[in-house]
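Below you'll find the structure, written out as structure tokens, and then a few comments.
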Amino acid sequence: MTVLRNYHTSGNNKESFLNTIASKLGRERRHEVRLPDIQSLLPDSYGSLTQDDLIDILKEQCFFIHTQVIESKPEILQRTLDDLIEASGGGSVMISGDPRFAAYGLMFPGSFVWEEAAGREQNIMRAESADTAVIFADYALAESGTIVVESRPDQGRSLHFLPAHYIAVIEKQRIVPRSTQAAAALNRRVLTGEPLGSSINLISGPSNSADIEMKLVVGVHGPLSATYVLI
Amino acid sequence: MSLQTDKRDFSERTTDGLGDSFMRNAVGSAQDSLKTRRLSAATALGDWEQWRTAGQQIRQHTLQNLDYYLEQLAGNIEKKGGHIYFAATKEEASSYIRDVIVQKQAKKIVKSKSMVTEEIDLNHVLIEAGCELIETDLGEYILQMDDWDPPSHIVAPALHKDRRQIQRVFAEKLGYTDDESPEKLARFARKVLRQKFLEAEVGITGCNFAVANLGAINLVTNEGNGDLTAAIPKTHIAVMGMERIVPTLAEMEVLDNLLCRSAVGQKLTSYITVMGPSAAGDTDGPEEFHLVVVDNGRSDILGSEFNEALQCIRCGACLNVCPVYRHIGGHAYGSIYPGPIGAVITPLLGGYDDFKELPFASSLCAACTDVCPVRIPLHEQLIRHRQNIVKENRTGSMERFQMKAVGRLLSSPALFGKTLRFAHPASRLMSKHGRIVRGPELIRGWIGSRDLSQPVKQQDSFRAWLDKRKGESGQ
């Protein structure tokens, strides 16, 4: 209890804070804990599904989250994206610096690219003035219609939130059943010490709110619309 | 605002709630729609009961080892260049945040919805320090514009307002000239707030779960304001109740699924983000990251008979099934945490002196316990509170006398039988047209809003009928 007395003056508030917790739990501080296997409690209801099944599940779910899904192919991806941008009124485009844009030979004349060299203010300003953002998904989760993206020097956090329309390109082999698989893959990286981006975003459709009379409004602070393009 | 939102008597607050027919309709239909949506999202997960058990075990494991996980979290946050501050009281928490902001000479602050910042009275402290603070969650922004009207639901804070009231607030305070459609109101708020995000120097968010082995926080949102709050300002301050932590991303995933489905009936909400201090080469996100871990009475619950209340993940599902919340509404609880979970944790955090009535604001129907995604035995905890309150002699002397009399009556079969026999003639003076119209305190509470039939005559009673029937059938 001497620790408690020193609390306000010691400056080392972490130790006293954690000591209080241990004493309330009626034991000494713990420095080692074995994590119980919780996952084995949960049934794997998606185990036997094929990639085609997953695509169907993803498409169906997207209907419920107000997200348009377009099937395309690498050969016609440029056209698909151009058409989509046109359909939402044209205007300016901002893309991430993802190497897959070059790999698929995609070009958007007059567009901005999120890039480290441009610095914070520039990147944010460009994203704010962009009508459409185009990005590539790291994973897609079929069950919830979610894409997973990670912040990197060439793909800032606010790129997913500032532009009015949001287009995510999903390579079909990146579709997994549900959030379980994505969380497990990310957690493996944590355990092996591989650094993760400072922001991991699971995005399921456009922004929305039901704060007024519980009526759903699509498009609040983030994008007003979201489209997934499957290739 | 702090924990307590209304200092008036509990009976005054409930009378207000019961008399507000607009609010009661709004709460009723919100409950119905959220209940249905929750059920379908829960069913879609497959074995929901199994998931609840997993959620319960994760929460219990984390609470049992809370010091270990908080220490691991602190180490990982600091390794990434972030700051972590442990605040034993609400004053420590809000003054730390104020000091960080004052040192930066920052004035413009955006906030995304966070119950714990309400609990530590942060808005008040920062406004007093001369900051321009904006709540960016649509519901909270509406409440702020309406002179900081208190929230009435954990997940839908402006549930008690209709679109016309909101239109009026926006027109008066912001010069809004369009009609009352929710879409137009939301677009208007988007436009006003977009500018605030871009100008803000500091962003303040809550934290659904901190991830210990990663050194990051997890935010679960729909509007996108939480992410903008954390992405654009150069300083991000996140505030968490000390128990809101998970070991790894794997446990976070289980709890996020339970949370989204229980709170709003979505499989996952639009935005689930795991974020922390910026990494090398980041071009947005905070240059400075602070995480404030708040005790403020929680450690007194830890290891006590109310330990399980700390499992709460603030989904609000118990509010959405509660018959009492349905009728008295969120404001009647006089706490930022209303409903069944509010009736359990408010007296724990704020003491029986101010909140001794809340555990009695329950029918003990246990719908809350049934629906809780992490299996908190809410109604049992309410009973435990009642027992403590009675033990501490906090009920009125008249009530104690009456309960003692009723107790003696019910524990003696002979006395009980005799009383039943005289119940009809004895109640004649209190009754009119077969209904009891006056009586002692215990009865007045009931007849104030409900009918109470006068006890039947001895010869018409069920017992008399049964005895007679037994006699006839020769048993």
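Every chain in the structure tokens has a letter given in the order shown (A, B, ...), and although residue numbers restart at 1 in each chain, ligands are simply numbered from 1 in the order shown.
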
*Would you give me, as a PyMOL selection string, the residues of chain B that come within 7 Å of chain A, using only C-alpha atoms?*
chain B and resi 30+50-51+54+67-68+86+88+138-139+156+158-159+162-163+182-183+186-187+190+214+222-225+228+231+248-250+253+267-279+281-285+299+302-303

*Identify all residues of range 16-165 of chain A in helix (DSSP H, G or I) (DSSP on the backbone) and supply them as a VMD selection string.*
chain A and resid 16 to 24 39 to 41 51 to 64 74 to 87 99 to 103 116 to 129 158 to 160

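Within 6 Å of Arg435 in chain B, once only C-alpha atoms are used and residues closer than 2 positions along the same chain are dropped, the contacting residues are Ser431, Lys432, His433, Leu452, Ser453 and Gln454 of chain B.
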
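Here CA of Ser335 in chain B and CA of Ser114 in chain B stand 14.5 Å from one another.
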
*Please measure the separation of CA of Ser21 in chain B and CA of Pro338 in chain B, giving the value in Å to one decimal.*
18.7 Å

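Every protein or nucleic acid residue with an atom no more than 10 Å from Lys457 in chain B, counting only C-alpha atoms and leaving out same-chain residues fewer than 2 positions away, appears here: B:Leu420, B:Arg421, B:Phe422, B:Ala423, B:His424, B:Pro425, B:Gln454, B:Pro455, B:Gln459, B:Asp460, B:Ser461, B:Ala464.
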
*Find the residues around Tyr337 in chain B up to 10 Å (only C-alpha atoms counted), leave out those fewer than 2 positions away in its own chain, and share them as a list in words.*
Leu3, Gln4, Thr5, Met115, Val116, Glu118, Glu119, Pro151, Ser152, His153, Ile154, Arg314, Gly316, Leu319, Gly330, His331, Tyr333, Gly334, Ser335, Gly339, Pro340, Ile341, Gly342, Ala343, Val344, Ile345 and Thr346 of chain B

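Going from CA of Ala367 in chain B over to CA of Cys318 in chain B, you cover 7.4 Å.
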
*Taking the backbone alone, and naming residues the way the document does, which bits of range 37-107 of chain A are strand (DSSP E or B) by DSSP, as a PyMOL selection string?*
chain A and resi 67-71+93-95

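The smallest atom-to-atom distance between Tyr104 in chain A and any of A:Val169, A:Ile175, A:Ile147, A:Ala127, using only C-alpha atoms, is found for A:Val169.
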
*asked:* Residues within 12 Å of Gly241 in chain B, please, as a ChimeraX atom specification. Count only C-alpha atoms; anything in the same chain fewer than 6 positions from it doesn't count.
replied: /B:66,70,85-90,93,114-120,206-210,291-299,310-314,349

*Polymer residues at most 10 Å from Gln173 in chain A, only C-alpha atoms, same-chain spacing of 3 or more positions, as a list of chain:residue names*: A:Gln51, A:Ile55, A:Tyr139, A:Ala140, A:Ile170, A:Val176, A:Leu230, A:Ile231
